[in-house]
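What follows is the content of entry_1.cif (mmCIF, C-alpha atoms and all ligand atoms).
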```
data_protein
#
loop_
_atom_site.group_PDB
_atom_site.id
_atom_site.type_symbol
_atom_site.label_atom_id
_atom_site.label_comp_id
_atom_site.auth_asym_id
_atom_site.auth_seq_id
_atom_site.Cartn_x
_atom_site.Cartn_y
_atom_site.Cartn_z
ATOM 1 C CA MET E 1 44.240 68.133 138.689
ATOM 2 C CA ALA E 2 41.528 70.027 136.990
ATOM 3 C CA ILE E 3 38.007 69.431 135.848
ATOM 4 C CA ARG E 4 37.737 70.403 132.186
ATOM 5 C CA LYS E 5 34.680 71.861 130.497
ATOM 6 C CA ILE E 6 32.750 69.197 128.578
ATOM 7 C CA VAL E 7 31.950 70.148 124.984
ATOM 8 C CA LYS E 8 28.221 69.859 124.259
ATOM 9 C CA TYR E 9 26.324 68.697 121.175
ATOM 10 C CA GLY E 10 26.473 71.273 118.389
ATOM 11 C CA ASP E 11 30.208 71.925 118.690
ATOM 12 C CA PRO E 12 31.878 70.868 115.392
ATOM 13 C CA ILE E 13 34.737 69.041 117.175
ATOM 14 C CA LEU E 14 32.251 66.308 118.186
ATOM 15 C CA ARG E 15 31.779 65.590 114.472
ATOM 16 C CA GLN E 16 35.486 65.487 113.683
ATOM 17 C CA LYS E 17 37.429 62.298 112.944
ATOM 18 C CA LEU E 18 40.309 62.767 115.370
ATOM 19 C CA LYS E 19 43.980 62.634 114.408
ATOM 20 C CA HIS E 20 46.108 59.533 114.992
ATOM 21 C CA THR E 21 47.955 60.228 118.241
ATOM 22 C CA ASP E 22 51.749 60.125 118.351
ATOM 23 C CA TYR E 23 52.333 58.549 121.778
ATOM 24 C CA GLU E 24 55.920 59.815 122.080
ATOM 25 C CA ALA E 25 54.898 63.390 121.261
ATOM 26 C CA LEU E 26 52.162 63.259 123.911
ATOM 27 C CA ARG E 27 54.138 61.313 126.551
ATOM 28 C CA GLU E 28 55.022 64.274 128.755
ATOM 29 C CA GLU E 29 51.568 65.791 129.016
ATOM 30 C CA LEU E 30 49.728 62.446 129.016
ATOM 31 C CA PRO E 31 49.642 61.685 132.781
ATOM 32 C CA GLN E 32 48.115 65.074 133.626
ATOM 33 C CA LEU E 33 45.722 64.913 130.690
ATOM 34 C CA ILE E 34 44.477 61.454 131.715
ATOM 35 C CA LYS E 35 44.030 62.579 135.338
ATOM 36 C CA ASP E 36 42.017 65.576 134.168
ATOM 37 C CA MET E 37 39.880 63.449 131.854
ATOM 38 C CA GLU E 38 39.183 60.892 134.591
ATOM 39 C CA GLU E 39 38.349 63.557 137.140
ATOM 40 C CA THR E 40 36.087 65.332 134.647
ATOM 41 C CA CYS E 41 34.333 62.066 133.772
ATOM 42 C CA LEU E 42 33.799 61.086 137.419
ATOM 43 C CA SER E 43 32.552 64.570 138.340
ATOM 44 C CA VAL E 44 29.499 63.969 136.143
ATOM 45 C CA HIS E 45 29.182 60.219 136.879
ATOM 46 C CA GLY E 46 30.238 59.212 133.367
ATOM 47 C CA VAL E 47 31.703 55.852 132.337
ATOM 48 C CA GLY E 48 33.855 57.289 129.561
ATOM 49 C CA LEU E 49 35.187 60.492 128.025
ATOM 50 C CA ALA E 50 36.818 61.080 124.647
ATOM 51 C CA ALA E 51 39.432 63.791 123.970
ATOM 52 C CA ASN E 52 37.162 65.809 121.658
ATOM 53 C CA GLN E 53 34.645 66.047 124.512
ATOM 54 C CA ILE E 54 37.128 68.389 126.170
ATOM 55 C CA GLY E 55 38.008 70.047 122.861
ATOM 56 C CA LEU E 56 41.181 68.099 121.969
ATOM 57 C CA ASP E 57 42.037 66.492 118.633
ATOM 58 C CA TYR E 58 43.653 63.244 119.849
ATOM 59 C CA ARG E 59 42.522 59.659 119.257
ATOM 60 C CA LEU E 60 42.375 59.135 123.016
ATOM 61 C CA ALA E 61 39.618 58.266 125.473
ATOM 62 C CA VAL E 62 39.293 57.135 129.083
ATOM 63 C CA ILE E 63 36.860 54.467 130.272
ATOM 64 C CA LEU E 64 35.845 54.150 133.935
ATOM 65 C CA ILE E 65 33.539 51.240 134.692
ATOM 66 C CA PRO E 66 32.218 50.748 138.227
ATOM 67 C CA GLU E 67 32.876 47.219 139.428
ATOM 68 C CA SER E 68 31.676 45.702 142.640
ATOM 69 C CA ASP E 69 31.590 42.368 144.339
ATOM 70 C CA LYS E 70 30.301 41.510 147.806
ATOM 71 C CA LYS E 71 33.284 43.117 149.531
ATOM 72 C CA ASN E 72 34.473 46.018 147.414
ATOM 73 C CA ALA E 73 33.396 48.664 145.005
ATOM 74 C CA SER E 74 36.106 49.745 142.592
ATOM 75 C CA LEU E 75 36.665 51.226 139.169
ATOM 76 C CA LYS E 76 37.977 49.494 136.085
ATOM 77 C CA ARG E 77 40.114 52.139 134.338
ATOM 78 C CA ILE E 78 41.173 51.806 130.736
ATOM 79 C CA VAL E 79 42.955 54.433 128.652
ATOM 80 C CA ILE E 80 42.624 53.819 124.920
ATOM 81 C CA ILE E 81 44.921 55.476 122.381
ATOM 82 C CA ASN E 82 44.445 54.898 118.634
ATOM 83 C CA PRO E 83 41.911 52.085 119.228
ATOM 84 C CA GLU E 84 40.613 49.792 116.501
ATOM 85 C CA PHE E 85 38.015 47.034 116.524
ATOM 86 C CA GLU E 86 39.283 43.615 115.619
ATOM 87 C CA ASP E 87 35.886 41.976 116.031
ATOM 88 C CA LYS E 88 32.252 42.751 116.904
ATOM 89 C CA GLN E 89 29.594 40.130 117.625
ATOM 90 C CA GLY E 90 25.948 39.997 118.649
ATOM 91 C CA GLU E 91 23.425 42.781 118.972
ATOM 92 C CA LEU E 92 21.525 44.238 121.886
ATOM 93 C CA VAL E 93 19.226 47.281 121.965
ATOM 94 C CA GLU E 94 19.651 49.264 125.172
ATOM 95 C CA GLU E 95 19.268 52.771 126.464
ATOM 96 C CA GLU E 96 22.362 54.933 126.140
ATOM 97 C CA GLY E 97 23.339 58.476 127.070
ATOM 98 C CA CYS E 98 26.296 60.803 126.530
ATOM 99 C CA LEU E 99 28.022 63.496 128.610
ATOM 100 C CA SER E 100 27.844 65.803 125.577
ATOM 101 C CA LEU E 101 24.038 65.460 125.430
ATOM 102 C CA PRO E 102 23.138 65.451 129.133
ATOM 103 C CA GLY E 103 19.611 64.358 129.975
ATOM 104 C CA LEU E 104 19.017 62.520 126.703
ATOM 105 C CA TRP E 105 18.579 58.740 126.781
ATOM 106 C CA VAL E 106 17.912 56.779 123.606
ATOM 107 C CA GLU E 107 17.546 53.069 122.849
ATOM 108 C CA ILE E 108 20.096 52.046 120.217
ATOM 109 C CA PRO E 109 21.641 48.783 119.017
ATOM 110 C CA ARG E 110 25.200 47.839 119.991
ATOM 111 C CA ALA E 111 27.349 44.746 119.577
ATOM 112 C CA THR E 112 27.398 42.584 122.725
ATOM 113 C CA ASP E 113 30.972 41.269 122.377
ATOM 114 C CA VAL E 114 33.928 43.202 121.014
ATOM 115 C CA THR E 115 37.665 42.782 120.648
ATOM 116 C CA VAL E 116 39.663 46.012 120.594
ATOM 117 C CA ARG E 117 43.326 46.778 119.935
ATOM 118 C CA PHE E 118 44.828 49.983 121.269
ATOM 119 C CA VAL E 119 47.859 51.544 122.934
ATOM 120 C CA ASP E 120 47.510 52.106 126.692
ATOM 121 C CA GLU E 121 48.740 55.014 128.842
ATOM 122 C CA ASN E 122 52.176 53.366 129.169
ATOM 123 C CA GLY E 123 52.584 53.141 125.411
ATOM 124 C CA GLN E 124 51.987 49.374 125.466
ATOM 125 C CA PRO E 125 49.953 47.688 122.712
ATOM 126 C CA ARG E 126 46.906 45.953 124.182
ATOM 127 C CA ARG E 127 44.198 43.625 122.942
ATOM 128 C CA VAL E 128 41.056 43.394 125.064
ATOM 129 C CA ARG E 129 37.907 41.286 124.674
ATOM 130 C CA ALA E 130 34.879 42.810 126.343
ATOM 131 C CA ARG E 131 31.191 42.171 127.014
ATOM 132 C CA GLY E 132 28.424 44.075 128.768
ATOM 133 C CA LEU E 133 28.984 47.662 129.846
ATOM 134 C CA LEU E 134 32.672 47.633 128.889
ATOM 135 C CA ALA E 135 31.845 46.513 125.333
ATOM 136 C CA LYS E 136 29.300 49.323 125.118
ATOM 137 C CA ALA E 137 31.782 51.867 126.467
ATOM 138 C CA PHE E 138 34.406 50.841 123.884
ATOM 139 C CA GLN E 139 31.866 51.327 121.079
ATOM 140 C CA HIS E 140 30.589 54.653 122.433
ATOM 141 C CA GLU E 141 34.077 56.137 122.966
ATOM 142 C CA ILE E 142 35.596 54.874 119.710
ATOM 143 C CA ASP E 143 32.604 56.374 117.894
ATOM 144 C CA HIS E 144 33.490 59.741 119.472
ATOM 145 C CA LEU E 145 37.016 59.463 118.027
ATOM 146 C CA ASP E 146 35.420 58.997 114.588
ATOM 147 C CA GLY E 147 33.071 61.969 115.013
ATOM 148 C CA LYS E 148 30.018 59.746 115.584
ATOM 149 C CA LEU E 149 27.389 60.061 118.308
ATOM 150 C CA PHE E 150 25.010 57.491 119.795
ATOM 151 C CA ILE E 151 21.965 59.305 118.403
ATOM 152 C CA ASP E 152 23.205 58.505 114.862
ATOM 153 C CA TYR E 153 22.001 54.912 115.427
ATOM 154 C CA ALA E 154 18.401 55.866 116.215
ATOM 155 C CA ASP E 155 15.761 55.048 113.602
ATOM 156 C CA PRO E 156 14.330 57.961 111.521
ATOM 157 C CA VAL E 157 11.115 58.325 113.561
ATOM 158 C CA LEU E 158 13.089 58.453 116.773
ATOM 159 C CA LYS E 159 15.505 60.999 115.253
ATOM 160 C CA THR E 160 12.665 63.519 114.821
ATOM 161 C CA ALA E 161 11.733 63.118 118.482
ATOM 162 C CA ILE E 162 15.379 63.423 119.487
ATOM 163 C CA LYS E 163 15.715 66.769 117.643
ATOM 164 C CA LYS E 164 12.758 68.147 119.601
ATOM 165 C CA GLU E 165 14.127 66.810 122.877
ATOM 166 C CA ILE E 166 17.545 68.384 122.207
ATOM 167 C CA LYS E 167 15.871 71.767 121.595
ATOM 168 C CA LYS E 168 14.208 71.450 124.997
ATOM 169 C CA LEU E 169 17.343 70.299 126.803
ATOM 170 C CA ARG E 170 19.857 72.699 125.230
ATOM 171 C CA PRO E 171 19.083 75.668 127.534
ATOM 172 C CA THR E 172 19.966 73.474 130.543
ATOM 173 C CA TRP E 173 23.495 72.748 129.162
ATOM 174 C CA ASN E 174 26.455 74.941 129.966
HETATM 175 ZN ZN ZN E 201 29.565 60.263 124.693
#
```

Show the structure stored in the file as structure tokens.
Amino acid sequence: MAIRKIVKYGDPILRQKLKHTDYEALREELPQLIKDMEETCLSVHGVGLAANQIGLDYRLAVILIPESDKKNASLKRIVIINPEFEDKQGELVEEEGCLSLPGLWVEIPRATDVTVRFVDENGQPRRVRARGLLAKAFQHEIDHLDGKLFIDYADPVLKTAIKKEIKKLRPTWN
């Protein structure tokens, strides 16, 4: 396993709409790639990582949501390949961050309930309904695959402040 370098804001690949992924063509390298992406994501306490965040042009992302009940703490792992929204409902404004813009937190609107179709790491078609953090993670990661970032949803006044904040934060990124 290997921790990959996370691409930071300013790299053009974060603004790229990623290519439809041919599951069969990727099948052999997929297990290692997913392990690397999960390890990279966990190493920085992220809840999701898209392929372009490690410099790859695949419509692929991993989602790792911490789950806990009274007895156990565990992780809900979802690998999404070629995902598409079937439905989005509701709206909630909450603070969000991104591993490609570390240290920046911005309040943006997201749908509260989503239904997503995708292919999983075994090549199986899946349809998942999600709420809460998982719904947010689906929206954040699928945006990455379309070259969008969470800061795009900020209102114009906030965008000016964000630009200044990014200038301040950039020297701390590597
Ligand atoms: Zn992100």

Q. Of the candidates E:Phe85, E:Phe138, E:Trp105, E:Phe118, which one gets nearest to Val47 in chain E if we count all atoms listed in the file?
A. E:Phe138

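Of the listed residues E:Ile108, E:Trp173, E:Asn122, E:Ile65, the one whose atoms come nearest to Leu30 in chain E is E:Asn122, with distances taken using all atoms listed in the file.
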
Q: Quick one: pull the distance between CA of Leu60 in chain E and CA of Thr21 in chain E, Å, one decimal.
A: 7.4 Å

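Here CA of Val116 in chain E stands at a distance of 6.5 Å from CA of Arg129 in chain E.
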
Take every atom of range 82-90 of chain E listed in the file, pad by 4 Å on each side, and give me the axis-aligned box centre and edge lengths in Å, one decimal, as lines of an AutoDock Vina configuration file.
```
center_x = 35.2
center_y = 47.4
center_z = 117.4
size_x = 26.5
size_y = 22.9
size_z = 11.6
```

**Q.** Option closest in space to ligand ZN 201 (chain E), from E:Lys8, E:Arg170, E:Lys70, E:Lys159 [counting only C-alpha atoms and all ligand atoms]
**A.** E:Lys8

Within 8 Å of ligand ZN 201 (chain E), counting only C-alpha atoms and all ligand atoms, which protein or nucleic acid residues do you find, written as a tab-separated table (two decimals) with C-alpha atoms, in the coordinates of the input?
```
chain	number	residue	atom	x	y	z
E	48	GLY	CA	33.85	57.29	129.56
E	49	LEU	CA	35.19	60.49	128.02
E	50	ALA	CA	36.82	61.08	124.65
E	53	GLN	CA	34.65	66.05	124.51
E	97	GLY	CA	23.34	58.48	127.07
E	98	CYS	CA	26.30	60.80	126.53
E	99	LEU	CA	28.02	63.50	128.61
E	100	SER	CA	27.84	65.80	125.58
E	101	LEU	CA	24.04	65.46	125.43
E	140	HIS	CA	30.59	54.65	122.43
E	141	GLU	CA	34.08	56.14	122.97
E	144	HIS	CA	33.49	59.74	119.47
E	149	LEU	CA	27.39	60.06	118.31
E	150	PHE	CA	25.01	57.49	119.80
```

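Interatomic distance, CA of Ala137 in chain E to CA of Ile63 in chain E: 6.9 Å.
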
Q.
So that I can check the surroundings of Leu169 in chain E, please list as a PyMOL selection string every protein, DNA and RNA residue that reaches within 9 Å of it, counting all atoms listed in the file and ignoring chain neighbours fewer than 4 positions away.
A. chain E and resi 101-104+164-165+173

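Nearest-residue note for Glu28 in chain E: choosing from E:Val106, E:Leu145, E:Glu121, E:Gly10, the minimum distance belongs to E:Glu121, counting only C-alpha atoms.
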
Q. Just so the selection is clear, what residues does the PyMOL selection byres (((chain E and resi 91) around 6) and not hetatm) cover here, as a ChimeraX atom specification?
A. /E:90,92,110-112

As a check of understanding, name the residues that the PyMOL selection byres (((chain E and resi 78) around 9) and not hetatm) selects in the supplied structure, as a CSV table (one decimal) with C-alpha atoms, in the coordinates of the input.
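This is the output file out.csv:
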```csv
chain,number,residue,atom,x,y,z
E,61,ALA,CA,39.6,58.3,125.5
E,62,VAL,CA,39.3,57.1,129.1
E,63,ILE,CA,36.9,54.5,130.3
E,64,LEU,CA,35.8,54.2,133.9
E,65,ILE,CA,33.5,51.2,134.7
E,76,LYS,CA,38.0,49.5,136.1
E,77,ARG,CA,40.1,52.1,134.3
E,79,VAL,CA,43.0,54.4,128.7
E,80,ILE,CA,42.6,53.8,124.9
E,120,ASP,CA,47.5,52.1,126.7
E,121,GLU,CA,48.7,55.0,128.8
```

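With only C-alpha atoms as the atoms that count, the minimum distance from Pro83 in chain E to the choices E:Asp155, E:Arg117, E:Lys5, E:Pro125 is reached by E:Arg117.
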
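Of the listed residues (E:Lys35, E:Val7, E:Leu42, E:Ile81), E:Ile81 comes nearest to Asp22 in chain E; the distances count all atoms listed in the file.
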
Q | Residue contacts of Thr115 in chain E (12 Å, only C-alpha atoms) excluding same-chain residues fewer than 4 positions away, as a list in words | A | Pro83, Glu84, Phe85, Glu86, Asp87, Lys88, Gln89, Ala111, Arg126, Arg127, Val128, Arg129, Ala130, Arg131, Leu134, Ala135, Lys136, Phe138 and Gln139 of chain E

(Q) Would you pick out the contacts of Pro109 in chain E at 9 Å or less, using all atoms listed in the file, so that residues sharing its chain but fewer than 5 positions from it are not included, and give the list as a list in words? (A) Glu91, Leu92, Val93, Glu94, Glu95, Tyr153 and Ala154 of chain E

Starting from the shown file, work through the PyMOL selection byres (((chain E and resi 147) around 7) and not hetatm) and note down what comes out as a tab-separated table (two decimals) with C-alpha atoms, keeping the file's coordinate frame.
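out_37.tsv, freshly written:
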```tsv
chain	number	residue	atom	x	y	z
E	14	LEU	CA	32.25	66.31	118.19
E	15	ARG	CA	31.78	65.59	114.47
E	16	GLN	CA	35.49	65.49	113.68
E	17	LYS	CA	37.43	62.30	112.94
E	143	ASP	CA	32.60	56.37	117.89
E	144	HIS	CA	33.49	59.74	119.47
E	145	LEU	CA	37.02	59.46	118.03
E	146	ASP	CA	35.42	59.00	114.59
E	148	LYS	CA	30.02	59.75	115.58
E	149	LEU	CA	27.39	60.06	118.31
```

Q) What residues have an atom no more than 8 Å from (46.1, 63.3, 115.6) in the file's own frame, counting all atoms listed in the file, and can you write them as number ranges by chain? A) E: 18-22, 57-59

Selected residues, C-alpha atoms, written as a PDB file, keeping the file's coordinate frame, please.
```pdb
ATOM      1  CA  LEU E  18      40.309  62.767 115.370  1.00  0.00           C
ATOM      2  CA  LYS E  19      43.980  62.634 114.408  1.00  0.00           C
ATOM      3  CA  HIS E  20      46.108  59.533 114.992  1.00  0.00           C
ATOM      4  CA  THR E  21      47.955  60.228 118.241  1.00  0.00           C
ATOM      5  CA  ASP E  22      51.749  60.125 118.351  1.00  0.00           C
ATOM      6  CA  ASP E  57      42.037  66.492 118.633  1.00  0.00           C
ATOM      7  CA  TYR E  58      43.653  63.244 119.849  1.00  0.00           C
ATOM      8  CA  ARG E  59      42.522  59.659 119.257  1.00  0.00           C
TER       9      ARG E  59
END
```
